[in-house]
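J.: Dropping the structure in here first, questions after.
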Amino acid sequence: VGFNHGAGRADFTDEEHRYFSALGTHLKRTVETLIQAAPVAQAFAVSEFALNALHYGVIGINALRNVTFANQFAENCILGRPRPDVVHGKLVDGSELDMLFRQVRGDGRVHSLRIRSTTPLYVTALPFSCDPGEHGYNALQATVGTSVVLIFSMGKSKKMASPSQLMQWFPLTPAEARLAHELGSGMSIDDYALKYHVGVPTARTQLRALLKKTGEERQQDLVRMLISLPSPAIFS
(Lines give C-alpha, C1' and ligand atoms only; values in the text may rest on other atoms or scores of the structure.)
Protein backbone atom coordinates (compact mmCIF):
# COMPACT_ATOMS: atom_id res chain seq x y z
CA VAL A 1 0.00 0.00 0.00
CA GLY A 2 2.85 2.36 0.88
CA PHE A 3 4.68 1.83 -2.42
CA ASN A 4 1.50 2.41 -4.41
CA HIS A 5 1.28 5.90 -2.92
CA GLY A 6 4.66 7.21 -3.98
CA ALA A 7 5.41 10.48 -5.74
CA GLY A 8 2.57 11.72 -7.91
CA ARG A 9 0.02 9.29 -6.46
CA ALA A 10 -3.09 10.15 -4.51
CA ASP A 11 -2.97 10.41 -0.73
CA PHE A 12 -4.06 7.55 1.50
CA THR A 13 -7.78 7.27 2.04
CA ASP A 14 -9.08 6.93 5.59
CA GLU A 15 -9.82 3.26 4.96
CA GLU A 16 -6.27 2.64 3.70
CA HIS A 17 -4.90 4.42 6.76
CA ARG A 18 -6.86 2.04 9.00
CA TYR A 19 -5.66 -1.03 7.09
CA PHE A 20 -2.06 0.13 7.06
CA SER A 21 -2.12 0.97 10.78
CA ALA A 22 -3.46 -2.50 11.58
CA LEU A 23 -0.85 -4.12 9.33
CA GLY A 24 1.95 -2.03 10.85
CA THR A 25 0.93 -3.01 14.37
CA HIS A 26 0.80 -6.68 13.36
CA LEU A 27 4.23 -6.49 11.71
CA LYS A 28 5.69 -4.75 14.75
CA ARG A 29 4.36 -7.46 17.07
CA THR A 30 5.63 -10.17 14.73
CA VAL A 31 9.13 -8.71 14.64
CA GLU A 32 9.17 -8.24 18.43
CA THR A 33 8.07 -11.86 18.88
CA LEU A 34 10.81 -13.09 16.56
CA ILE A 35 13.42 -11.06 18.45
CA GLN A 36 12.18 -12.37 21.80
CA ALA A 37 12.06 -15.94 20.49
CA ALA A 38 15.63 -15.88 19.15
CA PRO A 39 17.27 -16.82 22.50
CA VAL A 40 14.71 -19.59 22.97
CA ALA A 41 15.42 -20.91 19.46
CA GLN A 42 19.13 -20.84 20.23
CA ALA A 43 18.48 -22.67 23.51
CA PHE A 44 16.55 -25.32 21.56
CA ALA A 45 19.44 -25.72 19.11
CA VAL A 46 22.10 -25.88 21.82
CA SER A 47 20.00 -28.22 23.95
CA GLU A 48 19.42 -30.54 20.99
CA PHE A 49 23.13 -30.68 20.20
CA ALA A 50 24.00 -31.31 23.85
CA LEU A 51 21.39 -34.05 24.20
CA ASN A 52 22.53 -35.76 21.00
CA ALA A 53 26.14 -35.69 22.22
CA LEU A 54 25.29 -37.80 25.26
CA HIS A 55 26.19 -41.47 25.18
CA TYR A 56 22.95 -42.45 26.89
CA GLY A 57 19.29 -42.10 26.05
CA VAL A 58 17.10 -39.17 27.11
CA ILE A 59 13.36 -39.34 26.49
CA GLY A 60 10.70 -36.85 27.56
CA ILE A 61 7.18 -38.04 28.44
CA ASN A 62 4.12 -35.83 28.86
CA ALA A 63 1.13 -36.32 31.15
CA LEU A 64 -0.64 -38.39 28.49
CA ARG A 65 2.39 -40.75 28.41
CA ASN A 66 3.38 -39.64 24.90
CA VAL A 67 7.03 -39.21 23.93
CA THR A 68 7.68 -35.49 23.55
CA PHE A 69 11.36 -35.66 22.62
CA ALA A 70 14.22 -38.13 22.37
CA ASN A 71 17.90 -37.62 21.75
CA GLN A 72 19.79 -39.45 19.01
CA PHE A 73 20.97 -42.27 21.27
CA ALA A 74 17.41 -42.92 22.44
CA GLU A 75 16.09 -42.83 18.87
CA ASN A 76 18.66 -45.38 17.71
CA CYS A 77 18.89 -47.71 20.71
CA ILE A 78 15.52 -47.42 22.45
CA LEU A 79 12.73 -46.16 20.20
CA GLY A 80 14.31 -47.50 17.01
CA ARG A 81 14.01 -51.10 18.21
CA PRO A 82 10.88 -53.14 18.89
CA ARG A 83 10.03 -52.74 22.57
CA PRO A 84 7.03 -53.94 24.61
CA ASP A 85 6.87 -50.75 26.68
CA VAL A 86 6.85 -48.03 23.97
CA VAL A 87 4.56 -48.39 20.96
CA HIS A 88 3.86 -45.66 18.39
CA GLY A 89 5.53 -43.05 20.59
CA LYS A 90 3.50 -43.83 23.72
CA LEU A 91 4.13 -45.80 26.92
CA VAL A 92 2.17 -49.04 26.96
CA ASP A 93 -0.32 -49.21 29.81
CA GLY A 94 0.99 -51.45 32.61
CA SER A 95 4.49 -51.83 31.18
CA GLU A 96 7.60 -51.45 33.33
CA LEU A 97 8.29 -47.95 31.98
CA ASP A 98 4.65 -46.98 32.50
CA MET A 99 4.78 -48.09 36.14
CA LEU A 100 8.03 -46.14 36.59
CA PHE A 101 6.41 -43.08 35.00
CA ARG A 102 3.42 -43.36 37.34
CA GLN A 103 5.71 -43.59 40.38
CA VAL A 104 7.42 -40.32 39.50
CA ARG A 105 4.13 -38.62 38.69
CA GLY A 106 2.70 -39.87 41.96
CA ASP A 107 5.33 -38.67 44.44
CA GLY A 108 7.48 -36.25 42.39
CA ARG A 109 10.66 -38.14 43.30
CA VAL A 110 13.42 -39.78 41.29
CA HIS A 111 13.02 -43.53 40.68
CA SER A 112 15.21 -46.10 38.95
CA LEU A 113 14.60 -49.41 37.22
CA ARG A 114 16.58 -52.18 35.58
CA ILE A 115 14.90 -53.70 32.54
CA ARG A 116 16.11 -57.23 31.97
CA SER A 117 16.60 -58.14 28.34
CA THR A 118 19.35 -59.34 26.00
CA THR A 119 21.07 -56.02 26.72
CA PRO A 120 20.01 -54.80 30.20
CA LEU A 121 18.74 -51.24 30.38
CA TYR A 122 19.23 -49.08 33.45
CA VAL A 123 16.55 -46.41 33.62
CA THR A 124 16.35 -43.35 35.85
CA ALA A 125 13.12 -41.34 35.81
CA LEU A 126 12.87 -37.84 37.22
CA PRO A 127 10.20 -35.15 37.26
CA PHE A 128 10.74 -32.38 34.72
CA SER A 129 10.09 -28.91 36.05
CA CYS A 130 11.60 -25.48 35.44
CA ASP A 131 11.59 -22.18 37.23
CA PRO A 132 9.32 -19.81 35.27
CA GLY A 133 11.23 -17.25 33.28
CA GLU A 134 14.62 -18.86 33.73
CA HIS A 135 16.63 -18.97 30.47
CA GLY A 136 13.46 -19.46 28.46
CA TYR A 137 13.13 -23.06 29.60
CA ASN A 138 9.56 -22.46 30.74
CA ALA A 139 8.83 -21.98 27.04
CA LEU A 140 10.32 -25.40 26.37
CA GLN A 141 8.15 -26.99 29.04
CA ALA A 142 5.06 -25.17 27.81
CA THR A 143 5.76 -26.20 24.21
CA VAL A 144 6.43 -29.88 24.63
CA GLY A 145 4.46 -30.46 27.84
CA THR A 146 7.10 -32.77 29.27
CA SER A 147 6.41 -33.94 32.81
CA VAL A 148 8.89 -36.83 33.25
CA VAL A 149 12.35 -37.42 31.79
CA LEU A 150 13.63 -40.98 31.33
CA ILE A 151 17.40 -41.49 31.19
CA PHE A 152 18.59 -44.82 29.75
CA SER A 153 22.00 -46.40 30.14
CA MET A 154 23.12 -49.67 28.60
CA GLY A 155 25.67 -50.35 31.31
CA LYS A 156 28.89 -51.74 29.88
CA SER A 157 28.34 -50.13 26.49
CA LYS A 158 29.84 -46.92 27.91
CA LYS A 159 33.13 -46.10 26.24
CA MET A 160 36.05 -44.59 28.11
CA ALA A 161 37.63 -41.27 27.27
CA SER A 162 40.74 -41.66 25.16
CA PRO A 163 44.26 -41.23 26.62
CA SER A 164 44.73 -38.04 24.59
CA GLN A 165 41.53 -36.56 26.01
CA LEU A 166 42.57 -37.53 29.55
CA MET A 167 45.86 -35.71 28.99
CA GLN A 168 43.90 -32.56 28.11
CA TRP A 169 41.91 -32.75 31.35
CA PHE A 170 44.75 -33.77 33.68
CA PRO A 171 48.54 -33.19 33.65
CA LEU A 172 49.27 -36.84 32.83
CA THR A 173 52.15 -38.43 30.99
CA PRO A 174 51.25 -40.66 28.02
CA ALA A 175 51.90 -43.77 30.14
CA GLU A 176 49.71 -42.47 32.99
CA ALA A 177 46.91 -41.56 30.56
CA ARG A 178 47.11 -45.02 29.01
CA LEU A 179 46.85 -46.63 32.46
CA ALA A 180 43.88 -44.41 33.37
CA HIS A 181 42.12 -45.36 30.14
CA GLU A 182 42.60 -49.08 30.78
CA LEU A 183 41.56 -48.87 34.43
CA GLY A 184 38.42 -47.01 33.46
CA SER A 185 37.71 -49.70 30.87
CA GLY A 186 37.80 -52.38 33.57
CA MET A 187 41.36 -53.66 33.39
CA SER A 188 43.25 -54.59 36.57
CA ILE A 189 46.77 -53.42 37.43
CA ASP A 190 48.15 -56.94 36.90
CA ASP A 191 46.47 -57.31 33.51
CA TYR A 192 47.72 -53.86 32.49
CA ALA A 193 51.29 -54.77 33.42
CA LEU A 194 51.03 -58.00 31.43
CA LYS A 195 49.49 -56.36 28.37
CA TYR A 196 52.01 -53.50 28.13
CA HIS A 197 55.06 -55.45 29.30
CA VAL A 198 55.78 -53.33 32.36
CA GLY A 199 56.46 -54.46 35.89
CA VAL A 200 53.63 -54.41 38.41
CA PRO A 201 55.66 -52.07 40.70
CA THR A 202 56.00 -49.66 37.76
CA ALA A 203 52.26 -49.80 37.12
CA ARG A 204 51.55 -49.13 40.79
CA THR A 205 53.94 -46.15 40.72
CA GLN A 206 51.98 -44.78 37.77
CA LEU A 207 48.75 -45.40 39.68
CA ARG A 208 50.01 -43.37 42.66
CA ALA A 209 50.89 -40.54 40.27
CA LEU A 210 47.42 -40.82 38.74
CA LEU A 211 45.73 -40.53 42.13
CA LYS A 212 47.78 -37.48 43.02
CA LYS A 213 47.20 -35.69 39.72
CA THR A 214 43.44 -36.38 39.61
CA GLY A 215 42.84 -35.65 43.29
CA GLU A 216 41.40 -39.08 44.06
CA GLU A 217 42.37 -41.07 47.15
CA ARG A 218 41.75 -44.68 46.13
CA GLN A 219 41.78 -46.71 42.94
CA GLN A 220 38.05 -47.36 43.11
CA ASP A 221 37.40 -43.62 43.45
CA LEU A 222 39.61 -43.01 40.43
CA VAL A 223 37.75 -45.59 38.33
CA ARG A 224 34.38 -44.19 39.41
CA MET A 225 35.46 -40.72 38.33
CA LEU A 226 36.93 -41.94 35.02
CA ILE A 227 33.80 -43.76 33.90
CA SER A 228 31.72 -40.65 34.59
CA LEU A 229 33.71 -38.60 32.07
CA PRO A 230 32.34 -38.05 28.55
CA SER A 231 33.87 -40.06 25.75
CA PRO A 232 34.89 -38.60 22.37
CA ALA A 233 32.89 -41.43 20.80
CA ILE A 234 29.71 -39.56 21.70
CA PHE A 235 30.47 -37.03 18.97
CA SER A 236 30.89 -39.63 16.22
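Labels used: A, B, ... for chains in the order of the C-alpha coordinates, numbers from 1 for residues in each chain, and numbers from 1 for ligands as shown.
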Where does stretch 22-125 of chain A meet stretch 150-154 of chain A within 12 Å, residue by residue, with the nearest atom pair and distance in Å to one decimal for each, counting only C-alpha atoms, listed by chain and rising number, as JSON lines?
T.:
```
{"residue": "A:Leu51", "atom": "CA", "partner": "A:Ile151", "partner_atom": "CA", "distance": 11.0}
{"residue": "A:Leu54", "atom": "CA", "partner": "A:Ser153", "partner_atom": "CA", "distance": 10.4}
{"residue": "A:His55", "atom": "CA", "partner": "A:Ser153", "partner_atom": "CA", "distance": 8.1}
{"residue": "A:Tyr56", "atom": "CA", "partner": "A:Ser153", "partner_atom": "CA", "distance": 5.2}
{"residue": "A:Gly57", "atom": "CA", "partner": "A:Phe152", "partner_atom": "CA", "distance": 4.6}
{"residue": "A:Val58", "atom": "CA", "partner": "A:Ile151", "partner_atom": "CA", "distance": 4.7}
{"residue": "A:Ile59", "atom": "CA", "partner": "A:Leu150", "partner_atom": "CA", "distance": 5.1}
{"residue": "A:Gly60", "atom": "CA", "partner": "A:Leu150", "partner_atom": "CA", "distance": 6.3}
{"residue": "A:Ile61", "atom": "CA", "partner": "A:Leu150", "partner_atom": "CA", "distance": 7.7}
{"residue": "A:Asn62", "atom": "CA", "partner": "A:Leu150", "partner_atom": "CA", "distance": 11.1}
{"residue": "A:Arg65", "atom": "CA", "partner": "A:Leu150", "partner_atom": "CA", "distance": 11.6}
{"residue": "A:Val67", "atom": "CA", "partner": "A:Leu150", "partner_atom": "CA", "distance": 10.1}
{"residue": "A:Thr68", "atom": "CA", "partner": "A:Leu150", "partner_atom": "CA", "distance": 11.2}
{"residue": "A:Phe69", "atom": "CA", "partner": "A:Leu150", "partner_atom": "CA", "distance": 10.5}
{"residue": "A:Ala70", "atom": "CA", "partner": "A:Leu150", "partner_atom": "CA", "distance": 9.4}
{"residue": "A:Asn71", "atom": "CA", "partner": "A:Ile151", "partner_atom": "CA", "distance": 10.2}
{"residue": "A:Phe73", "atom": "CA", "partner": "A:Phe152", "partner_atom": "CA", "distance": 9.2}
{"residue": "A:Ala74", "atom": "CA", "partner": "A:Phe152", "partner_atom": "CA", "distance": 7.6}
{"residue": "A:Glu75", "atom": "CA", "partner": "A:Phe152", "partner_atom": "CA", "distance": 11.3}
{"residue": "A:Cys77", "atom": "CA", "partner": "A:Met154", "partner_atom": "CA", "distance": 9.2}
{"residue": "A:Ile78", "atom": "CA", "partner": "A:Phe152", "partner_atom": "CA", "distance": 8.3}
{"residue": "A:Leu79", "atom": "CA", "partner": "A:Phe152", "partner_atom": "CA", "distance": 11.3}
{"residue": "A:Leu91", "atom": "CA", "partner": "A:Leu150", "partner_atom": "CA", "distance": 11.5}
{"residue": "A:Leu97", "atom": "CA", "partner": "A:Leu150", "partner_atom": "CA", "distance": 8.8}
{"residue": "A:Asp98", "atom": "CA", "partner": "A:Leu150", "partner_atom": "CA", "distance": 10.9}
{"residue": "A:Leu100", "atom": "CA", "partner": "A:Leu150", "partner_atom": "CA", "distance": 9.3}
{"residue": "A:Phe101", "atom": "CA", "partner": "A:Leu150", "partner_atom": "CA", "distance": 8.4}
{"residue": "A:Val104", "atom": "CA", "partner": "A:Leu150", "partner_atom": "CA", "distance": 10.3}
{"residue": "A:Val110", "atom": "CA", "partner": "A:Leu150", "partner_atom": "CA", "distance": 10.0}
{"residue": "A:His111", "atom": "CA", "partner": "A:Leu150", "partner_atom": "CA", "distance": 9.7}
{"residue": "A:Ser112", "atom": "CA", "partner": "A:Ile151", "partner_atom": "CA", "distance": 9.3}
{"residue": "A:Leu113", "atom": "CA", "partner": "A:Phe152", "partner_atom": "CA", "distance": 9.6}
{"residue": "A:Arg114", "atom": "CA", "partner": "A:Phe152", "partner_atom": "CA", "distance": 9.6}
{"residue": "A:Ile115", "atom": "CA", "partner": "A:Met154", "partner_atom": "CA", "distance": 10.0}
{"residue": "A:Arg116", "atom": "CA", "partner": "A:Met154", "partner_atom": "CA", "distance": 10.8}
{"residue": "A:Ser117", "atom": "CA", "partner": "A:Met154", "partner_atom": "CA", "distance": 10.7}
{"residue": "A:Thr118", "atom": "CA", "partner": "A:Met154", "partner_atom": "CA", "distance": 10.7}
{"residue": "A:Thr119", "atom": "CA", "partner": "A:Met154", "partner_atom": "CA", "distance": 6.9}
{"residue": "A:Pro120", "atom": "CA", "partner": "A:Met154", "partner_atom": "CA", "distance": 6.2}
{"residue": "A:Leu121", "atom": "CA", "partner": "A:Met154", "partner_atom": "CA", "distance": 5.0}
{"residue": "A:Tyr122", "atom": "CA", "partner": "A:Ser153", "partner_atom": "CA", "distance": 5.1}
{"residue": "A:Val123", "atom": "CA", "partner": "A:Phe152", "partner_atom": "CA", "distance": 4.7}
{"residue": "A:Thr124", "atom": "CA", "partner": "A:Ile151", "partner_atom": "CA", "distance": 5.1}
{"residue": "A:Ala125", "atom": "CA", "partner": "A:Leu150", "partner_atom": "CA", "distance": 4.5}
```
J.: So the first atom is atom CA of A:Leu211 and the second is atom CA of A:Glu176; what is the distance between them in Å, to one decimal place?
T.: 10.2 Å
J.: Would you compute the distance between atom CA of A:Asp191 and atom CA of A:Gln206? Give it in Å to one decimal.
T.: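 Atom CA of A:Gln206 lies at a distance of 14.3 Å from atom CA of A:Asp191.
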J.: In Å, how far is it from atom CA of A:Gln168 to atom CA of A:Leu207?
T.: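 Distance between the two atoms: 18.0 Å.
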J.: In terms of the shortest atom-to-atom distance over only C-alpha atoms, which of A:Leu166, A:Ala63, A:Val149, A:Met160 is closest to A:Leu210?
T.: A:Leu166
J.: Go through stretch 94-131 of chain A and collect every residue that DSSP, computed from the backbone, puts in helix (DSSP H, G or I); the answer should be as a PyMOL selection string.
T.: chain A and resi 96-107
J.: Need to verify the contact set: A:Arg105, 9 Å, only C-alpha atoms, exclusion of same-chain residues closer than 3 positions in sequence. Can you return it as an MDAnalysis selection string?
T.: chainID A and resid 63 100:102 108:109 126:127 147:148
J.: Looking at A:Leu226, A:Gln220, A:Thr202, A:Gly215, which one is nearest to A:Glu182, with distances taken over only C-alpha atoms?
T.: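 The answer is A:Leu226, which sits nearest to A:Glu182.
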J.: I'd like to know which residues of stretch 43-197 of chain A are strand (DSSP E or B) (by DSSP, run on the backbone); could you write them as JSON, numbers by chain?
T.: {"A": [57, 58, 59, 60, 61, 62, 66, 67, 68, 69, 70, 86, 87, 90, 91, 111, 112, 113, 114, 115, 121, 122, 123, 124, 125, 126, 127, 146, 147, 148, 149, 150, 151, 152, 153]}
J.: In terms of the shortest atom-to-atom distance over only C-alpha atoms, which of A:Leu229, A:Ala203, A:Val92, A:Val198 is closest to A:Leu179?
T.: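 Comparing A:Leu229, A:Ala203, A:Val92, A:Val198 against A:Leu179, the winner is A:Ala203.
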J.: Between A:Leu172, A:Met99, A:Ile189, A:Leu23, which residue has the minimum interatomic distance to A:Asp85, considering only C-alpha atoms?
T.: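 Using only C-alpha atoms, A:Asp85 sits closest to A:Met99.
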